[in-house]
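Student: Have a look at the structure that comes next, please.
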Amino acid sequence: MSSPLERFSHAIIIGLAALLVAAVIALVVQQRDSGRPLAITVAGTPTTSGPMMAYITGAVAQPGVYQVADGDRVIDLLNKAGGAAADANLAAVNLAQRLHDEDRVIVPRAGEAASATMTISQVAGATTSGSPININAASAQDLDSLPGIGQVYSQRIIDSRTSAGPFTTTDDLVTRQLVPRATYDKIRDLITVGP
């Protein structure tokens with residue numbers, strides 16, 4: 001036999017559950033009546049604003065920007081681009097690397113130094129064999145080549161270093177609110193403030 005306190009606790013829990021169900025029903029009815037689709041996002045579920053796109057260039061049959069699916073690898077992107085050119089140096093590219101939105105893959109030609117090209121961005125940044133990009137001296141095109149940095153962010157960086165002075169650390173990109181932390185985390189190993 002349950003005590004009066006336990007019965008009261010159960011009644012409160014049942015009442016709260018009923019209120020939650022009523023609120024959800026009211027929300028669905030309101031959304032239906034307004035003509036707008038109901039969108040429910042579960043906390044922690046990643047959302048995207050569009051399809052994932054990746055750019056492939058260099059020694060490929062059809063360089064360009066292609067739509068990729070979550071889980072696709074560099075080899076899948078290479079196949080979408082018509083395959084490698086006859087003089088491609090595929091040993092310099094990690095064909096098994098998973099792709100992410102805004103990745104850039106450069107397939108070098110035989111005899112080209114792999115250190116001169118960025119091959120693919122990775123979860124924490126990008127694979128480069130060359131020197132990091134000096135954000136105090138880089139051109140908009142150099143900045144734009146970084147994963148997650150497009151024309152808007154590269155222009156913000158250039159405008160900030162012109163108006164507020166040179167960056168003292170790479171973390172200034174976040175402190176000055178020029179790029180989001182997630183974007184900075186992708187490029188932190190690819191950039192420097194240099195002399």
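The way I read the labels, and the way they are meant: chains A, B, ... in the order of the structure tokens, residue 1 as the first residue of every chain, and ligand 1 as the first ligand shown, with later ones counted on from there.
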Find the residues near region 94-100 of chain A: any atom within 6 Å, counting only C-alpha atoms, skip ones fewer than 4 places away on the same chain, and give them as an NGL selection string.

Tutor: :A and (72-75)

Student: Those same residues, written as a PDB file, in the first residue's frame with C-alpha atoms?

Tutor:
```
ATOM      1  CA  ASP A  72      31.722  10.233 -48.635  1.00  0.00           C
ATOM      2  CA  ARG A  73      35.459   9.968 -49.086  1.00  0.00           C
ATOM      3  CA  VAL A  74      37.973  11.664 -51.375  1.00  0.00           C
ATOM      4  CA  ILE A  75      37.785   8.697 -53.769  1.00  0.00           C
TER       5      ILE A  75
END
```

Student: Please identify the helix (DSSP H, G or I) residues within region 73-175 of chain A (assignment by DSSP from backbone atoms) and present them as number ranges by chain.

Tutor: A: 74-80, 90-92, 114-116, 140-144, 151-163, 172-175

Student: Calculated over only C-alpha atoms, which of the candidates A:Asn134, A:Gln151, A:Ser145, A:Ser139 has the smallest distance to Thr170 (chain A)?

Tutor: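 For Thr170 (chain A), the nearest of the given residues is A:Asn134.
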
Student: Just want the 10 Å neighbourhood of Ala91 (chain A), counted on only C-alpha atoms, with same-chain residues fewer than 3 positions away dropped. Output as a list of chain:residue names.

Tutor: A:Ala88, A:Asn94, A:Leu95, A:Val107, A:Pro108, A:Ala110, A:Ala114

Student: Quick one: residues within 10 Å of Gln141 (chain A), only C-alpha atoms, excluding same-chain residues fewer than 2 positions away - as a PDB file with C-alpha atoms, in the first residue's frame?

Tutor:
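part.pdb written:
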```pdb
ATOM      1  CA  ALA A 138      47.920  36.873 -46.447  1.00  0.00           C
ATOM      2  CA  SER A 139      45.887  37.980 -49.434  1.00  0.00           C
ATOM      3  CA  LEU A 143      42.727  33.231 -46.670  1.00  0.00           C
ATOM      4  CA  ASP A 144      39.860  32.026 -48.854  1.00  0.00           C
ATOM      5  CA  SER A 145      41.752  28.790 -49.519  1.00  0.00           C
ATOM      6  CA  LEU A 146      41.475  27.804 -45.840  1.00  0.00           C
ATOM      7  CA  GLY A 150      35.096  32.122 -47.716  1.00  0.00           C
ATOM      8  CA  GLN A 151      35.060  35.594 -49.202  1.00  0.00           C
ATOM      9  CA  SER A 154      38.582  36.590 -45.522  1.00  0.00           C
ATOM     10  CA  GLN A 155      37.390  40.170 -46.059  1.00  0.00           C
TER      11      GLN A 155
END
```

Student: Which one of A:Arg176, A:Arg181, A:Arg7, A:Lys186 sits closest to Ser163 (chain A) if you count only C-alpha atoms?

Tutor: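 Among the listed residues, the smallest separation from Ser163 (chain A) belongs to A:Arg176.
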
Student: Find the spatial neighbours of Arg161 (chain A), counting only C-alpha atoms, within a cut-off of 10 Å - ignore same-chain residues fewer than 4 positions away - and output them as a ChimeraX atom specification.

Tutor: /A:135-137,156-157,165-167,173

Student: My list of candidates is A:Gly50, A:Pro180, A:Pro4, A:Gly194. Which is closest to Ile133 (chain A) when distances are computed with only C-alpha atoms?

Tutor: A:Gly194

Student: Can you tell me which residues surround region 56-71 of chain A at a distance of at most 10 Å, considering only C-alpha atoms, apart from same-chain residues fewer than 6 positions away, and format the answer as a VMD selection string?

Tutor: chain A and resid 77 to 90 97 to 110 117 119 to 120

Student: Output N, CA, C and O atoms for every residue in that selection, as a CSV table (one decimal), in the first residue's frame.

Tutor:
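Final file, selection.csv:
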```
chain,number,residue,atom,x,y,z
A,77,LEU,N,34.6,11.7,-54.3
A,77,LEU,CA,34.6,13.0,-55.0
A,77,LEU,C,35.4,12.9,-56.3
A,77,LEU,O,35.1,13.5,-57.3
A,78,LEU,N,36.5,12.2,-56.2
A,78,LEU,CA,37.4,12.0,-57.4
A,78,LEU,C,36.6,11.3,-58.6
A,78,LEU,O,36.6,11.7,-59.7
A,79,ASN,N,35.8,10.3,-58.2
A,79,ASN,CA,34.9,9.6,-59.2
A,79,ASN,C,33.9,10.6,-59.8
A,79,ASN,O,33.6,10.5,-61.0
A,80,LYS,N,33.3,11.4,-58.9
A,80,LYS,CA,32.3,12.4,-59.4
A,80,LYS,C,33.0,13.4,-60.4
A,80,LYS,O,32.3,13.9,-61.3
A,81,ALA,N,34.2,13.6,-60.2
A,81,ALA,CA,35.0,14.6,-61.1
A,81,ALA,C,35.5,13.9,-62.3
A,81,ALA,O,36.4,14.4,-63.0
A,82,GLY,N,35.1,12.7,-62.6
A,82,GLY,CA,35.5,12.0,-63.8
A,82,GLY,C,36.8,11.2,-63.7
A,82,GLY,O,37.3,10.7,-64.7
A,83,GLY,N,37.3,11.1,-62.5
A,83,GLY,CA,38.5,10.3,-62.3
A,83,GLY,C,39.7,11.2,-62.4
A,83,GLY,O,39.7,12.4,-62.7
A,84,ALA,N,40.9,10.6,-62.1
A,84,ALA,CA,42.2,11.3,-62.1
A,84,ALA,C,42.7,11.4,-63.5
A,84,ALA,O,42.4,10.6,-64.4
A,85,ALA,N,43.4,12.5,-63.8
A,85,ALA,CA,44.1,12.7,-65.1
A,85,ALA,C,45.2,11.7,-65.2
A,85,ALA,O,45.7,11.1,-64.2
A,86,ALA,N,45.7,11.5,-66.4
A,86,ALA,CA,46.7,10.5,-66.6
A,86,ALA,C,48.0,10.8,-65.8
A,86,ALA,O,48.7,9.9,-65.4
A,87,ASP,N,48.3,12.1,-65.6
A,87,ASP,CA,49.5,12.5,-64.9
A,87,ASP,C,49.3,12.8,-63.5
A,87,ASP,O,50.1,13.4,-62.8
A,88,ALA,N,48.2,12.3,-62.9
A,88,ALA,CA,47.9,12.6,-61.5
A,88,ALA,C,48.9,11.8,-60.5
A,88,ALA,O,49.2,10.7,-60.8
A,89,ASN,N,49.2,12.5,-59.5
A,89,ASN,CA,50.1,11.8,-58.4
A,89,ASN,C,49.1,11.5,-57.3
A,89,ASN,O,49.0,12.2,-56.3
A,90,LEU,N,48.4,10.3,-57.4
A,90,LEU,CA,47.4,9.9,-56.4
A,90,LEU,C,48.1,9.5,-55.1
A,90,LEU,O,47.4,9.5,-54.1
A,97,GLN,N,40.3,9.6,-47.0
A,97,GLN,CA,39.9,10.6,-46.1
A,97,GLN,C,38.4,11.0,-46.3
A,97,GLN,O,37.9,11.1,-47.4
A,98,ARG,N,37.6,11.1,-45.2
A,98,ARG,CA,36.2,11.5,-45.2
A,98,ARG,C,36.1,12.9,-45.6
A,98,ARG,O,36.9,13.8,-45.2
A,99,LEU,N,35.1,13.3,-46.3
A,99,LEU,CA,34.9,14.7,-46.7
A,99,LEU,C,33.9,15.4,-45.8
A,99,LEU,O,33.1,14.8,-45.1
A,100,HIS,N,34.1,16.7,-45.7
A,100,HIS,CA,33.2,17.6,-44.9
A,100,HIS,C,32.8,18.7,-45.8
A,100,HIS,O,33.4,19.0,-46.8
A,101,ASP,N,31.7,19.4,-45.4
A,101,ASP,CA,31.3,20.6,-46.2
A,101,ASP,C,32.4,21.6,-46.3
A,101,ASP,O,33.1,21.9,-45.4
A,102,GLU,N,32.5,22.1,-47.5
A,102,GLU,CA,33.5,23.2,-47.9
A,102,GLU,C,34.9,22.7,-48.0
A,102,GLU,O,35.9,23.4,-48.1
A,103,ASP,N,35.1,21.3,-48.1
A,103,ASP,CA,36.5,20.8,-48.3
A,103,ASP,C,37.0,21.2,-49.6
A,103,ASP,O,36.2,21.4,-50.6
A,104,ARG,N,38.3,21.2,-49.7
A,104,ARG,CA,39.0,21.5,-51.0
A,104,ARG,C,40.1,20.4,-51.2
A,104,ARG,O,40.9,20.2,-50.3
A,105,VAL,N,40.0,19.7,-52.3
A,105,VAL,CA,41.0,18.7,-52.6
A,105,VAL,C,41.8,19.1,-53.8
A,105,VAL,O,41.2,19.4,-54.8
A,106,ILE,N,43.1,19.1,-53.7
A,106,ILE,CA,43.9,19.4,-54.8
A,106,ILE,C,44.7,18.1,-55.1
A,106,ILE,O,45.5,17.6,-54.3
A,107,VAL,N,44.5,17.6,-56.3
A,107,VAL,CA,45.3,16.4,-56.8
A,107,VAL,C,46.5,16.9,-57.6
A,107,VAL,O,46.3,17.5,-58.7
A,108,PRO,N,47.7,16.7,-57.0
A,108,PRO,CA,48.9,17.2,-57.7
A,108,PRO,C,49.2,16.4,-58.9
A,108,PRO,O,48.8,15.2,-59.0
A,109,ARG,N,49.9,16.9,-59.9
A,109,ARG,CA,50.4,16.2,-61.0
A,109,ARG,C,51.7,15.5,-60.7
A,109,ARG,O,52.4,15.9,-59.8
A,110,ALA,N,52.0,14.5,-61.4
A,110,ALA,CA,53.3,13.8,-61.2
A,110,ALA,C,54.4,14.8,-61.3
A,110,ALA,O,54.4,15.6,-62.2
A,117,THR,N,50.7,22.1,-52.2
A,117,THR,CA,49.2,22.1,-52.3
A,117,THR,C,48.6,21.6,-51.0
A,117,THR,O,49.2,20.9,-50.3
A,119,THR,N,45.8,19.3,-49.6
A,119,THR,CA,45.1,18.1,-50.2
A,119,THR,C,43.7,18.0,-49.7
A,119,THR,O,42.8,17.7,-50.5
A,120,ILE,N,43.4,18.2,-48.4
A,120,ILE,CA,42.1,18.0,-47.9
A,120,ILE,C,41.9,18.5,-46.5
A,120,ILE,O,42.8,18.4,-45.7
```
